[in-house]
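**Student:** Coordinates in query_15.cif, mmCIF, C-alpha atoms and all ligand atoms, are listed below.
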```
data_target
#
loop_
_atom_site.label_atom_id
_atom_site.label_comp_id
_atom_site.auth_asym_id
_atom_site.auth_seq_id
_atom_site.Cartn_x
_atom_site.Cartn_y
_atom_site.Cartn_z
CA MET K 20 27.05 -20.37 21.47
CA GLN K 21 28.52 -21.68 18.18
CA THR K 22 26.44 -20.81 15.16
CA SER K 23 26.05 -24.45 14.06
CA THR K 24 24.83 -25.30 17.56
CA ARG K 25 22.28 -22.47 17.29
CA ASN K 26 21.06 -23.96 13.98
CA SER K 27 20.60 -27.44 15.36
CA LEU K 28 19.11 -26.27 18.63
CA LEU K 29 16.52 -24.15 16.81
CA LEU K 30 15.56 -27.09 14.61
CA LYS K 31 15.12 -29.34 17.62
CA ARG K 32 12.98 -26.78 19.43
CA SER K 33 10.94 -26.10 16.32
CA LEU K 34 10.20 -29.77 15.70
CA ALA K 35 9.14 -30.14 19.32
CA ALA K 36 6.97 -27.03 19.54
CA VAL K 37 5.89 -25.88 16.09
CA TRP K 38 3.44 -27.77 13.88
CA HIS K 39 4.59 -26.64 10.42
CA PRO K 40 2.07 -25.88 7.65
CA CYS K 41 1.28 -28.17 4.73
CA THR K 42 3.74 -30.73 6.06
CA GLN K 43 3.78 -34.39 7.00
CA MET K 44 5.96 -33.73 10.03
CA LYS K 45 7.52 -37.20 9.89
CA GLN K 46 9.21 -36.24 6.61
CA HIS K 47 11.45 -33.98 8.62
CA GLU K 48 13.14 -37.10 9.94
CA THR K 49 14.90 -37.19 6.55
CA LEU K 50 14.36 -33.77 4.99
CA PRO K 51 15.88 -31.20 7.32
CA LEU K 52 13.98 -28.11 8.33
CA ILE K 53 15.95 -24.97 7.40
CA PRO K 54 16.65 -22.48 10.18
CA VAL K 55 16.33 -18.86 9.13
CA ALA K 56 18.36 -16.52 11.28
CA ARG K 57 17.89 -13.45 9.10
CA ALA K 58 16.99 -12.38 5.59
CA SER K 59 18.01 -9.63 3.23
CA GLY K 60 16.97 -8.90 -0.37
CA CYS K 61 16.40 -12.24 -2.12
CA TRP K 62 18.39 -14.25 0.42
CA LEU K 63 17.55 -16.21 3.56
CA TYR K 64 20.48 -16.98 5.91
CA ASP K 65 20.96 -19.51 8.68
CA PHE K 66 23.10 -18.90 11.79
CA ASP K 67 26.21 -20.15 9.96
CA GLY K 68 25.66 -17.66 7.16
CA LYS K 69 24.60 -20.48 4.82
CA ARG K 70 22.26 -18.84 2.31
CA TYR K 71 19.27 -19.71 0.13
CA LEU K 72 17.98 -17.69 -2.82
CA ASP K 73 14.26 -17.19 -2.16
CA ALA K 74 13.15 -17.99 -5.73
CA VAL K 75 9.53 -18.54 -4.63
CA SER K 76 9.18 -15.22 -2.75
CA SER K 77 8.47 -17.09 0.52
CA TRP K 78 5.21 -18.66 -0.67
CA TRP K 79 4.51 -15.95 -3.24
CA VAL K 80 4.31 -13.06 -0.79
CA ASN K 81 7.55 -11.09 -1.08
CA LEU K 82 7.79 -8.36 -3.71
CA PHE K 83 10.64 -5.99 -2.90
CA GLY K 84 13.01 -8.20 -0.97
CA HIS K 85 13.41 -9.15 2.67
CA GLY K 86 14.32 -6.33 5.03
CA ASN K 87 13.23 -3.67 2.56
CA ALA K 88 14.41 -0.30 3.90
CA ARG K 89 11.32 1.63 2.82
CA ILE K 90 8.80 -0.81 4.25
CA ASN K 91 10.87 -1.06 7.44
CA ALA K 92 10.88 2.73 7.82
CA ALA K 93 7.13 3.00 7.20
CA LEU K 94 6.45 0.35 9.85
CA ARG K 95 8.71 2.03 12.39
CA GLU K 96 6.87 5.30 11.85
CA GLN K 97 3.48 3.60 12.15
CA LEU K 98 4.56 1.96 15.41
CA GLU K 99 5.01 5.39 16.93
CA THR K 100 1.38 6.37 16.27
CA LEU K 101 -0.96 3.40 16.14
CA GLU K 102 -0.38 -0.35 16.03
CA HIS K 103 -4.01 -1.48 15.92
CA ALA K 104 -7.50 -0.41 16.79
CA MET K 105 -10.70 -2.36 16.26
CA LEU K 106 -12.41 -1.39 13.02
CA ALA K 107 -16.01 -1.93 14.11
CA GLY K 108 -17.20 1.48 15.29
CA PHE K 109 -13.71 3.02 14.82
CA THR K 110 -11.53 4.00 11.91
CA HIS K 111 -8.03 5.33 11.25
CA GLU K 112 -6.08 7.23 8.64
CA THR K 113 -4.02 4.25 7.44
CA VAL K 114 -6.95 2.00 6.54
CA VAL K 115 -8.83 4.88 4.90
CA GLU K 116 -5.85 5.92 2.78
CA LEU K 117 -5.16 2.34 1.74
CA SER K 118 -8.81 1.80 0.71
CA GLU K 119 -8.82 5.02 -1.33
CA ARG K 120 -5.57 4.20 -3.07
CA LEU K 121 -6.49 0.58 -3.81
CA SER K 122 -9.75 1.81 -5.28
CA ARG K 123 -7.81 4.08 -7.64
CA PHE K 124 -5.98 1.00 -8.94
CA THR K 125 -9.39 -0.30 -10.09
CA GLY K 126 -10.21 2.99 -11.79
CA GLY K 127 -12.57 3.73 -8.90
CA LYS K 128 -14.86 0.86 -9.93
CA LEU K 129 -14.30 -1.18 -6.77
CA GLY K 130 -14.55 1.51 -4.14
CA HIS K 131 -15.50 -0.51 -1.06
CA CYS K 132 -12.80 -2.45 0.81
CA PHE K 133 -13.57 -5.16 3.37
CA TYR K 134 -10.46 -6.42 5.16
CA GLY K 135 -9.43 -9.87 6.36
CA SER K 136 -6.09 -11.34 7.32
CA ASP K 137 -4.96 -14.24 5.10
CA GLY K 138 -5.97 -15.05 1.55
CA ALA K 139 -8.45 -17.71 2.61
CA SER K 140 -10.31 -15.22 4.80
CA ALA K 141 -10.76 -12.95 1.76
CA VAL K 142 -12.19 -15.87 -0.19
CA GLU K 143 -14.61 -16.65 2.65
CA ILE K 144 -15.69 -13.00 2.68
CA ALA K 145 -16.26 -12.89 -1.09
CA LEU K 146 -18.29 -16.12 -1.10
CA LYS K 147 -20.45 -15.02 1.82
CA MET K 148 -20.93 -11.53 0.40
CA SER K 149 -21.99 -12.86 -2.97
CA PHE K 150 -24.53 -15.22 -1.43
CA HIS K 151 -25.82 -12.49 0.90
CA TYR K 152 -26.11 -9.99 -1.97
CA TRP K 153 -28.41 -12.35 -3.85
CA ARG K 154 -30.42 -13.01 -0.73
CA ASN K 155 -30.84 -9.27 -0.14
CA ALA K 156 -31.76 -8.93 -3.81
CA GLY K 157 -34.62 -11.43 -3.38
CA GLN K 158 -32.82 -14.42 -4.91
CA PRO K 159 -32.02 -16.64 -1.88
CA GLN K 160 -31.86 -19.72 -4.11
CA LYS K 161 -28.51 -18.54 -5.48
CA THR K 162 -26.34 -20.53 -3.10
CA GLU K 163 -23.92 -22.35 -5.41
CA PHE K 164 -20.42 -21.57 -6.64
CA VAL K 165 -18.45 -22.63 -9.67
CA SER K 166 -14.67 -22.70 -10.10
CA LEU K 167 -12.09 -24.02 -12.56
CA ALA K 168 -10.70 -27.54 -12.55
CA GLY K 169 -7.42 -27.43 -10.63
CA SER K 170 -8.32 -24.19 -8.87
CA TYR K 171 -6.88 -23.23 -5.49
CA HIS K 172 -8.53 -20.71 -3.19
CA GLY K 173 -7.29 -21.62 0.29
CA GLU K 174 -7.68 -24.11 3.10
CA THR K 175 -10.59 -22.92 5.27
CA LEU K 176 -13.77 -24.89 4.71
CA GLY K 177 -15.50 -22.40 2.38
CA ALA K 178 -12.36 -21.75 0.37
CA LEU K 179 -11.55 -25.48 0.24
CA SER K 180 -15.07 -26.16 -1.06
CA VAL K 181 -14.26 -24.18 -4.23
CA THR K 182 -10.70 -25.55 -4.43
CA ASP K 183 -9.90 -28.49 -6.68
CA VAL K 184 -6.66 -29.99 -5.42
CA ALA K 185 -7.32 -33.56 -4.32
CA LEU K 186 -4.32 -33.75 -1.98
CA PHE K 187 -5.62 -30.90 0.16
CA LYS K 188 -9.33 -31.51 -0.26
CA ASP K 189 -10.29 -35.17 -0.39
CA ILE K 190 -9.76 -35.96 3.30
CA TYR K 191 -12.10 -33.14 4.30
CA ALA K 192 -14.79 -33.92 1.73
CA PRO K 193 -17.42 -34.78 4.38
CA LEU K 194 -17.04 -31.27 5.82
CA LEU K 195 -17.28 -29.36 2.55
CA ARG K 196 -20.14 -27.86 0.54
CA ALA K 197 -20.60 -29.27 -2.91
CA SER K 198 -19.53 -26.85 -5.63
CA ALA K 199 -19.20 -27.17 -9.39
CA ARG K 200 -16.09 -27.43 -11.52
CA VAL K 201 -15.70 -26.43 -15.17
CA THR K 202 -12.90 -27.13 -17.66
CA SER K 203 -9.70 -25.21 -17.04
CA PRO K 204 -8.40 -23.00 -19.88
CA ASP K 205 -4.80 -24.11 -18.98
CA TRP K 206 -3.05 -24.01 -22.37
CA ARG K 207 -1.06 -27.17 -21.66
CA LEU K 208 -4.35 -28.97 -22.34
CA ALA K 209 -4.73 -27.53 -25.87
CA ALA K 210 -4.86 -30.01 -28.77
CA THR K 211 -1.86 -30.16 -31.09
CA GLY K 212 -1.97 -27.13 -33.35
CA GLU K 213 -4.64 -25.38 -31.27
CA SER K 214 -3.65 -21.90 -30.05
CA ALA K 215 -3.86 -20.93 -26.37
CA ARG K 216 -6.62 -18.50 -27.30
CA ASP K 217 -8.64 -21.06 -29.26
CA TYR K 218 -8.31 -23.52 -26.43
CA ALA K 219 -9.39 -20.87 -23.88
CA LEU K 220 -12.51 -20.17 -25.92
CA ARG K 221 -13.20 -23.91 -26.25
CA ALA K 222 -12.83 -24.30 -22.46
CA ALA K 223 -15.28 -21.41 -21.95
CA LYS K 224 -17.98 -23.58 -23.54
CA SER K 225 -17.91 -25.74 -20.43
CA LEU K 226 -18.65 -22.67 -18.29
CA GLU K 227 -21.35 -21.61 -20.72
CA GLN K 228 -23.06 -25.00 -20.53
CA HIS K 229 -22.85 -24.98 -16.77
CA LEU K 230 -24.31 -21.50 -16.39
CA GLU K 231 -26.99 -22.17 -18.97
CA GLN K 232 -28.27 -25.00 -16.77
CA HIS K 233 -27.50 -23.72 -13.29
CA HIS K 234 -27.50 -19.92 -13.38
CA ALA K 235 -30.69 -19.69 -11.33
CA THR K 236 -28.96 -21.32 -8.36
CA THR K 237 -25.41 -20.05 -8.96
CA ALA K 238 -24.19 -17.08 -6.93
CA ALA K 239 -20.69 -16.69 -8.34
CA LEU K 240 -17.81 -17.91 -10.43
CA ILE K 241 -14.52 -17.71 -8.53
CA ILE K 242 -11.40 -17.67 -10.65
CA GLU K 243 -7.63 -17.12 -10.48
CA PRO K 244 -7.02 -14.72 -13.40
CA LEU K 245 -4.37 -15.82 -15.96
CA VAL K 246 -2.39 -18.18 -13.70
CA GLN K 247 -3.71 -21.04 -11.58
CA GLY K 248 -0.86 -21.18 -9.09
CA ALA K 249 -1.35 -24.39 -7.14
CA ALA K 250 -2.43 -26.24 -10.30
CA GLY K 251 1.25 -25.96 -11.26
CA MET K 252 1.39 -22.38 -12.57
CA ALA K 253 -1.20 -23.26 -15.22
CA MET K 254 -1.31 -20.25 -17.53
CA TYR K 255 -4.10 -19.29 -19.87
CA ASP K 256 -5.16 -16.75 -22.45
CA ALA K 257 -6.95 -13.58 -21.33
CA ALA K 258 -9.71 -14.36 -23.85
CA TYR K 259 -11.09 -16.81 -21.27
CA LEU K 260 -11.57 -14.02 -18.73
CA ARG K 261 -13.37 -11.82 -21.25
CA GLU K 262 -15.65 -14.70 -22.16
CA ALA K 263 -16.26 -15.66 -18.53
CA ARG K 264 -17.11 -12.05 -17.64
CA ALA K 265 -19.58 -11.89 -20.55
CA LEU K 266 -21.16 -15.19 -19.47
CA CYS K 267 -21.48 -14.02 -15.86
CA ASP K 268 -23.19 -10.84 -17.11
CA ARG K 269 -25.49 -12.79 -19.41
CA TYR K 270 -26.53 -15.24 -16.70
CA GLY K 271 -26.63 -12.91 -13.67
CA VAL K 272 -23.73 -14.56 -11.81
CA HIS K 273 -21.01 -12.71 -9.86
CA PHE K 274 -17.41 -12.77 -11.04
CA ILE K 275 -14.99 -13.17 -8.12
CA ALA K 276 -11.38 -12.51 -9.15
CA ASP K 277 -9.05 -14.28 -6.74
CA GLU K 278 -5.88 -12.24 -7.30
CA ILE K 279 -4.35 -13.34 -4.02
CA MET K 280 -1.33 -14.68 -5.90
CA THR K 281 -1.62 -12.84 -9.25
CA GLY K 282 -2.17 -9.32 -7.87
CA PHE K 283 0.48 -6.65 -7.34
CA GLY K 284 2.27 -7.12 -10.62
CA ARG K 285 3.04 -10.85 -10.65
CA THR K 286 1.64 -11.42 -14.13
CA GLY K 287 3.03 -8.22 -15.66
CA THR K 288 0.16 -5.83 -14.97
CA PHE K 289 -0.86 -4.51 -11.58
CA PHE K 290 -3.85 -6.88 -11.57
CA ALA K 291 -3.93 -9.88 -13.91
CA HIS K 292 -7.55 -9.30 -14.94
CA GLU K 293 -6.55 -5.90 -16.40
CA GLN K 294 -5.10 -7.87 -19.32
CA ALA K 295 -8.63 -8.86 -20.29
CA ASN K 296 -9.96 -5.34 -19.85
CA ILE K 297 -12.66 -6.47 -17.46
CA THR K 298 -13.83 -5.55 -13.98
CA ALA K 299 -14.64 -8.10 -11.30
CA ASP K 300 -17.63 -7.88 -8.97
CA PHE K 301 -15.36 -8.94 -6.10
CA LEU K 302 -11.58 -8.68 -6.11
CA CYS K 303 -9.68 -10.70 -3.47
CA LEU K 304 -6.14 -9.52 -2.64
CA SER K 305 -3.54 -10.65 -0.12
CA LYS K 306 0.05 -12.04 -0.21
CA GLY K 307 2.03 -9.26 -1.99
CA ILE K 308 -0.24 -6.56 -0.59
CA THR K 309 2.16 -5.96 2.32
CA GLY K 310 5.27 -6.87 0.33
CA GLY K 311 5.38 -10.13 2.29
CA TYR K 312 5.62 -8.45 5.68
CA LEU K 313 2.33 -8.91 7.52
CA PRO K 314 -0.89 -10.83 7.03
CA LEU K 315 -3.52 -8.69 5.34
CA SER K 316 -6.23 -9.42 2.83
CA VAL K 317 -9.00 -7.40 1.31
CA VAL K 318 -12.12 -7.92 -0.75
CA MET K 319 -12.90 -4.97 -2.96
CA THR K 320 -16.35 -4.55 -4.40
CA SER K 321 -18.58 -2.18 -6.33
CA ASP K 322 -21.08 0.41 -5.20
CA GLU K 323 -23.89 -1.75 -6.53
CA ILE K 324 -22.95 -4.66 -4.25
CA TYR K 325 -22.35 -2.33 -1.31
CA GLN K 326 -25.74 -0.65 -1.70
CA ALA K 327 -27.56 -3.99 -1.51
CA PHE K 328 -26.40 -4.28 2.12
CA TYR K 329 -27.09 -0.65 3.10
CA ASP K 330 -30.36 -0.75 4.98
CA GLU K 331 -32.30 -0.02 8.15
CA LYS K 332 -32.33 -3.72 8.91
CA VAL K 333 -29.20 -4.93 10.71
CA THR K 334 -29.37 -8.43 9.22
CA ARG K 335 -29.17 -7.07 5.68
CA GLY K 336 -25.71 -5.77 6.65
CA PHE K 337 -22.55 -7.86 6.30
CA LEU K 338 -22.06 -9.04 9.89
CA HIS K 339 -18.68 -10.62 9.32
CA SER K 340 -15.52 -9.77 11.23
CA HIS K 341 -11.98 -10.75 12.10
CA SER K 342 -10.26 -9.30 15.16
CA TYR K 343 -7.37 -7.87 13.15
CA THR K 344 -9.53 -6.37 10.38
CA GLY K 345 -7.77 -3.28 9.01
CA ASN K 346 -4.71 -3.69 11.23
CA ALA K 347 -2.84 -0.39 11.08
CA LEU K 348 0.66 -1.88 10.83
CA ALA K 349 -0.34 -4.19 7.98
CA CYS K 350 -2.13 -1.33 6.18
CA ARG K 351 0.95 0.86 6.58
CA ALA K 352 3.16 -1.84 5.02
CA ALA K 353 0.64 -1.97 2.15
CA LEU K 354 0.85 1.80 1.69
CA ALA K 355 4.64 1.57 1.52
CA VAL K 356 4.24 -1.13 -1.17
CA LEU K 357 1.96 1.15 -3.20
CA ASP K 358 4.47 4.00 -2.81
CA ILE K 359 7.20 1.78 -4.26
CA PHE K 360 4.97 0.78 -7.19
CA GLU K 361 4.12 4.39 -7.94
CA GLN K 362 7.49 6.04 -7.35
CA ASN K 363 9.71 3.35 -8.90
CA ASN K 364 7.69 2.61 -12.01
CA VAL K 365 7.76 -1.07 -11.01
CA ILE K 366 5.41 -2.45 -13.66
CA ASP K 367 7.46 -0.97 -16.53
CA LEU K 368 10.79 -1.98 -15.02
CA ASN K 369 9.52 -5.50 -14.43
CA ARG K 370 8.61 -5.77 -18.10
CA THR K 371 12.27 -5.30 -19.04
CA LYS K 372 13.45 -7.50 -16.21
CA SER K 373 11.04 -10.26 -17.20
CA ALA K 374 12.42 -10.27 -20.76
CA ARG K 375 15.97 -10.47 -19.40
CA ILE K 376 15.08 -13.40 -17.12
CA THR K 377 13.38 -15.22 -20.00
CA GLU K 378 16.57 -14.76 -22.04
CA ALA K 379 18.74 -15.90 -19.13
CA THR K 380 16.67 -19.07 -18.68
CA LYS K 381 16.50 -20.09 -22.35
CA ASP K 382 18.82 -23.05 -21.83
CA ILE K 383 16.29 -24.38 -19.30
CA ALA K 384 13.46 -23.82 -21.80
CA ASN K 385 15.44 -25.81 -24.39
CA HIS K 386 16.61 -28.53 -21.99
CA PRO K 387 15.58 -32.03 -23.13
CA ARG K 388 14.01 -32.74 -19.72
CA ALA K 389 11.93 -29.52 -19.69
CA LYS K 390 8.48 -29.29 -21.23
CA HIS K 391 5.93 -26.48 -21.58
CA PHE K 392 8.33 -23.75 -20.49
CA ARG K 393 6.11 -20.71 -19.92
CA ASN K 394 6.18 -17.22 -18.52
CA ALA K 395 3.69 -14.58 -17.37
CA GLY K 396 5.19 -11.37 -16.01
CA MET K 397 7.43 -12.35 -13.09
CA ILE K 398 6.47 -16.07 -13.09
CA TRP K 399 8.26 -18.85 -15.01
CA ALA K 400 7.39 -22.55 -15.00
CA PHE K 401 8.11 -25.83 -16.76
CA GLU K 402 7.45 -29.52 -16.27
CA VAL K 403 10.23 -32.07 -15.88
CA THR K 404 9.37 -34.91 -18.20
CA ASP K 405 11.04 -37.95 -16.62
CA SER K 406 10.09 -37.21 -13.02
CA THR K 407 9.63 -39.87 -10.37
CA PRO K 408 6.77 -39.78 -7.79
CA ASP K 409 9.07 -38.21 -5.18
CA PHE K 410 10.36 -35.63 -7.70
CA SER K 411 9.18 -32.53 -5.85
CA TYR K 412 10.79 -33.60 -2.59
CA ARG K 413 14.07 -34.61 -4.25
CA PHE K 414 14.30 -31.51 -6.44
CA HIS K 415 13.72 -29.30 -3.40
CA GLU K 416 16.55 -31.10 -1.62
CA GLN K 417 18.90 -30.79 -4.62
CA ALA K 418 18.04 -27.10 -4.90
CA LEU K 419 18.80 -26.46 -1.22
CA ALA K 420 22.19 -28.10 -1.69
CA ARG K 421 22.81 -25.47 -4.39
CA GLU K 422 21.66 -22.46 -2.30
CA LEU K 423 18.25 -22.29 -3.98
CA LEU K 424 14.83 -22.27 -2.36
CA LEU K 425 12.61 -23.97 -4.95
CA ARG K 426 9.49 -25.99 -4.15
CA PRO K 427 8.18 -27.78 -7.26
CA ILE K 428 4.46 -28.50 -7.43
CA GLY K 429 4.34 -32.14 -8.55
CA ASN K 430 6.69 -32.20 -11.57
CA THR K 431 6.32 -28.46 -12.20
CA VAL K 432 9.35 -26.36 -11.36
CA TYR K 433 8.63 -22.65 -11.13
CA PHE K 434 10.42 -19.40 -10.37
CA MET K 435 8.57 -16.54 -8.73
CA PRO K 436 11.38 -14.38 -7.38
CA PRO K 437 11.06 -11.08 -5.54
CA TYR K 438 11.08 -8.22 -8.06
CA VAL K 439 14.43 -6.99 -6.71
CA ILE K 440 16.30 -10.04 -8.03
CA ASN K 441 19.40 -8.85 -9.93
CA ASP K 442 21.15 -10.22 -13.02
CA GLU K 443 23.80 -12.01 -11.01
CA GLU K 444 21.16 -13.77 -8.89
CA VAL K 445 19.19 -14.70 -12.01
CA ALA K 446 22.34 -16.17 -13.57
CA LEU K 447 22.95 -18.20 -10.41
CA LEU K 448 19.33 -19.40 -10.34
CA ALA K 449 19.45 -20.41 -14.01
CA SER K 450 22.83 -22.15 -13.94
CA ARG K 451 22.14 -24.11 -10.75
CA THR K 452 18.68 -25.17 -11.94
CA LEU K 453 20.31 -26.40 -15.17
CA ASN K 454 22.85 -28.22 -13.07
CA ILE K 455 20.06 -30.05 -11.20
CA LEU K 456 18.37 -30.95 -14.51
CA ASP K 457 21.69 -32.32 -15.79
CA SER K 458 22.45 -34.32 -12.65
C1 LIG K 501 -5.06 -18.01 -5.58
C2 LIG K 501 -5.00 -18.21 -4.10
N1 LIG K 501 -6.10 -18.01 -3.37
C3 LIG K 501 -6.10 -18.16 -2.03
C4 LIG K 501 -4.96 -18.53 -1.37
C5 LIG K 501 -4.98 -18.71 0.13
O1 LIG K 501 -4.23 -17.72 0.74
P1 LIG K 501 -3.69 -17.94 2.24
O2 LIG K 501 -2.70 -19.06 2.16
O3 LIG K 501 -3.05 -16.64 2.59
O4 LIG K 501 -4.86 -18.27 3.08
C6 LIG K 501 -3.79 -18.77 -2.09
C7 LIG K 501 -2.56 -19.22 -1.41
O5 LIG K 501 -1.62 -19.68 -2.00
C8 LIG K 501 -3.80 -18.60 -3.49
O6 LIG K 501 -2.71 -18.81 -4.24
#
```
Represent the structure contained in this file as structure tokens.
**Tutor:**
Amino acid sequence: MQTSTRNSLLLKRSLAAVWHPCTQMKQHETLPLIPVARASGCWLYDFDGKRYLDAVSSWWVNLFGHGNARINAALREQLETLEHAMLAGFTHETVVELSERLSRFTGGKLGHCFYGSDGASAVEIALKMSFHYWRNAGQPQKTEFVSLAGSYHGETLGALSVTDVALFKDIYAPLLRASARVTSPDWRLAATGESARDYALRAAKSLEQHLEQHHATTAALIIEPLVQGAAGMAMYDAAYLREARALCDRYGVHFIADEIMTGFGRTGTFFAHEQANITADFLCLSKGITGGYLPLSVVMTSDEIYQAFYDEKVTRGFLHSHSYTGNALACRAALAVLDIFEQNNVIDLNRTKSARITEATKDIANHPRAKHFRNAGMIWAFEVTDSTPDFSYRFHEQALARELLLRPIGNTVYFMPPYVINDEEVALLASRTLNILDS
């Protein structure tokens, strides 16, 4: 069969049989779905060999490129021994080793790993665990959660309850639990002349006021450290995290770090919250954990939290489960990811790479249509000032025509490439983005 026929046939079959995520399917009458025949490094290819630079790491999951030889080899080896075994009543080497090694990345402070599959399932676990901890600790009235304005924590009902993105949330409002919102420290909201740090500390007053009034009924603050992804890569000063941690300590409220997007080096350190020198009570990880290979999430927590569930009484235990909890293949991919981090000095190399990408994109930063150009680690973002309501859709289309996979959030264009992106690919990304801005 001709390759172009394979492309069109696949699209037809997909539109008939697959309900695609986060999509008004009717839009595909005008915006074509892209067939992916194979992928390698930073590139996705269709059957004709037409290629797209995956500048958003396939929804923020890919770290070391598609078809990574080391992750592939680890998975092949794992397939020969164990693909999956239920984790209730059973255990296996891969999940134990992963838990031990992840714990070391928290300096041993979060030594208990509870696994889920997608990011949202980790958020559900953290919210339930926090509530249940307080109940076990004799404070059953602590049932409420607080999050930042513009926060995003996933689409399941619990996670959506603490999310603040109207487009995803409003329709489902009758199904959701009420939760509180406090001012975001997003530095784009700073007053003229106010530093990012000063604004972060000013924003923390809103959290302080909230906790002052509601701490008795508040179980936890859930927060995306340093970068609020779905809010449009809203970046903020680490001072906010230090202040929020101190407030949670003062008012007896858990601190849930949702590092589902920011973890595994995206913001320049292995975990974003390290930049504030703090420890979370619950740390939610997913996305990059398997290098973008397989669904896996984990909630890591402290001995103190764990001990509150350890009891003769079954109902004081955390009776939560997902069928694929601790899946051996996913855990093995995660171990291969940790090997790459440790053996290739990824965090240090990314620091140099990040500086080079910032230099290579300076004409975008200085473009008359670009505003608030910003960077944290391996994430870059800017707003396009004269955007129309259909900007995101049209920019995406223009990018595809130039071999780029970019999906703006509203009028925010961002780059979050796999860490293996090379100078030539960066130059292509920068020049073609400039070309779209100029057109
Ligand atoms: C910060 C954050 N939390 C939670 C989620 C939900 O993860 P998932 O889509 O894997 O359920 C996301 C997804 O983008 C996220 O960015």
**Student:** Just the residues within 12 Å of Trp78 in chain K, please, counting all atoms listed in the file, with nothing from its chain fewer than 2 positions along; format it as a list in words.
**Tutor:**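 Selected residues are Pro40, Cys41, Asp73, Ala74, Val75, Ser76, Val80, Asn81, Leu82, Gly138, Gly248, Ala249, Ile279, Met280, Ser305, Lys306, Gly307, Gly310, Gly311, Leu424, Leu425, Arg426, Pro427, Ile428, Tyr433, Phe434, Met435, Pro436 and Pro437 of chain K.
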**Student:** Compare K:Phe66, K:Phe133, K:Trp38, K:Phe283 by their minimum atom-to-atom distance to Gln21 in chain K, counting all atoms listed in the file, and give me the closest one.
**Tutor:**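 Selected residue with least distance to Gln21 in chain K: K:Phe66.
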**Student:** For Asp183 in chain K, list every protein, DNA or RNA residue within 12 Å, evaluated using all atoms listed in the file, and leave out those in the same chain fewer than 6 positions away; present the list as a PyMOL selection string.
**Tutor:** chain K and resi 165-174+189+192+195+197-203+241-242+247-250
**Student:** Take the residues that were just selected and, keeping C-alpha atoms, output them as a compact mmCIF listing (two decimals), in the coordinates of the input.
**Tutor:**
```
# COMPACT_ATOMS: atom_id res chain seq x y z
CA VAL K 165 -18.45 -22.63 -9.67
CA SER K 166 -14.67 -22.70 -10.10
CA LEU K 167 -12.09 -24.02 -12.56
CA ALA K 168 -10.70 -27.54 -12.55
CA GLY K 169 -7.42 -27.43 -10.63
CA SER K 170 -8.32 -24.19 -8.87
CA TYR K 171 -6.88 -23.23 -5.49
CA HIS K 172 -8.53 -20.71 -3.19
CA GLY K 173 -7.29 -21.62 0.29
CA GLU K 174 -7.68 -24.11 3.10
CA ASP K 189 -10.29 -35.17 -0.39
CA ALA K 192 -14.79 -33.92 1.73
CA LEU K 195 -17.28 -29.36 2.55
CA ALA K 197 -20.60 -29.27 -2.91
CA SER K 198 -19.53 -26.85 -5.63
CA ALA K 199 -19.20 -27.17 -9.39
CA ARG K 200 -16.09 -27.43 -11.52
CA VAL K 201 -15.70 -26.43 -15.17
CA THR K 202 -12.90 -27.13 -17.66
CA SER K 203 -9.70 -25.21 -17.04
CA ILE K 241 -14.52 -17.71 -8.53
CA ILE K 242 -11.40 -17.67 -10.65
CA GLN K 247 -3.71 -21.04 -11.58
CA GLY K 248 -0.86 -21.18 -9.09
CA ALA K 249 -1.35 -24.39 -7.14
CA ALA K 250 -2.43 -26.24 -10.30
```
**Student:** I want to know what sits within 7 Å of range 371-387 of chain K, based on only C-alpha atoms, with residues of the same chain fewer than 3 positions away left out; could you give that as a ChimeraX atom specification?
**Tutor:** /K:367-368,392,396-397,445-446,449,453
**Student:** Enumerate, as a ChimeraX atom specification, the protein, DNA and RNA residues whose atoms approach (-17.0, -5.3, 11.6) to within 12 Å, taking into account all atoms listed in the file and the coordinate frame of the file.
**Tutor:** /K:104-110,132-135,144,336-345
**Student:** Under the rule that all atoms listed in the file are counted, which of K:Asn87, K:Gln97, K:Gln228, K:Thr309 is the nearest residue to ligand LIG 501 (chain K)?
**Tutor:**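 Between K:Asn87, K:Gln97, K:Gln228, K:Thr309, the residue approaching ligand LIG 501 (chain K) most closely is K:Thr309.
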**Student:** To one decimal in Å, tell me the separation between CA of Thr236 in chain K and CA of Leu194 in chain K.
**Tutor:**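 CA of Leu194 in chain K lies 21.0 Å from CA of Thr236 in chain K.
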**Student:** Just how far from CA of Ala223 in chain K is CA of Asn296 in chain K, in Å to one decimal?
**Tutor:**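 Result for CA of Asn296 in chain K versus CA of Ala223 in chain K: 17.1 Å, one decimal.
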**Student:** Excluding Lys224 in chain K and residues on its chain fewer than 2 positions from it, collect all residues at most 12 Å away from it, counting only C-alpha atoms, and give them as a count of residues only.
**Tutor:** 20
**Student:** With only C-alpha atoms as the basis for distance, which of K:Asp137, K:Asp358, K:Glu213, K:Glu119 is at the shortest distance from Arg89 in chain K?
**Tutor:** K:Asp358
**Student:** Between K:Ser27, K:Thr22, K:Thr281, K:Ser77, which is the closest to ligand LIG 501 (chain K) once you count all atoms listed in the file?
**Tutor:**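 Closest residue, counting all atoms listed in the file: K:Thr281.
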**Student:** Could you give me, as a PyMOL selection string, the residues that have an atom at most 7 Å away from the point (-24.4, -19.6, -4.1) in the coordinates of the file, using all atoms listed in the file?
**Tutor:** chain K and resi 150+161-164+236-239
**Student:** Between K:Val246, K:Leu456, K:Val142, K:Ile440, which residue has the minimum interatomic distance to Gly84 in chain K, considering all atoms listed in the file?
**Tutor:**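 For Gly84 in chain K, the nearest of the candidates is K:Ile440.
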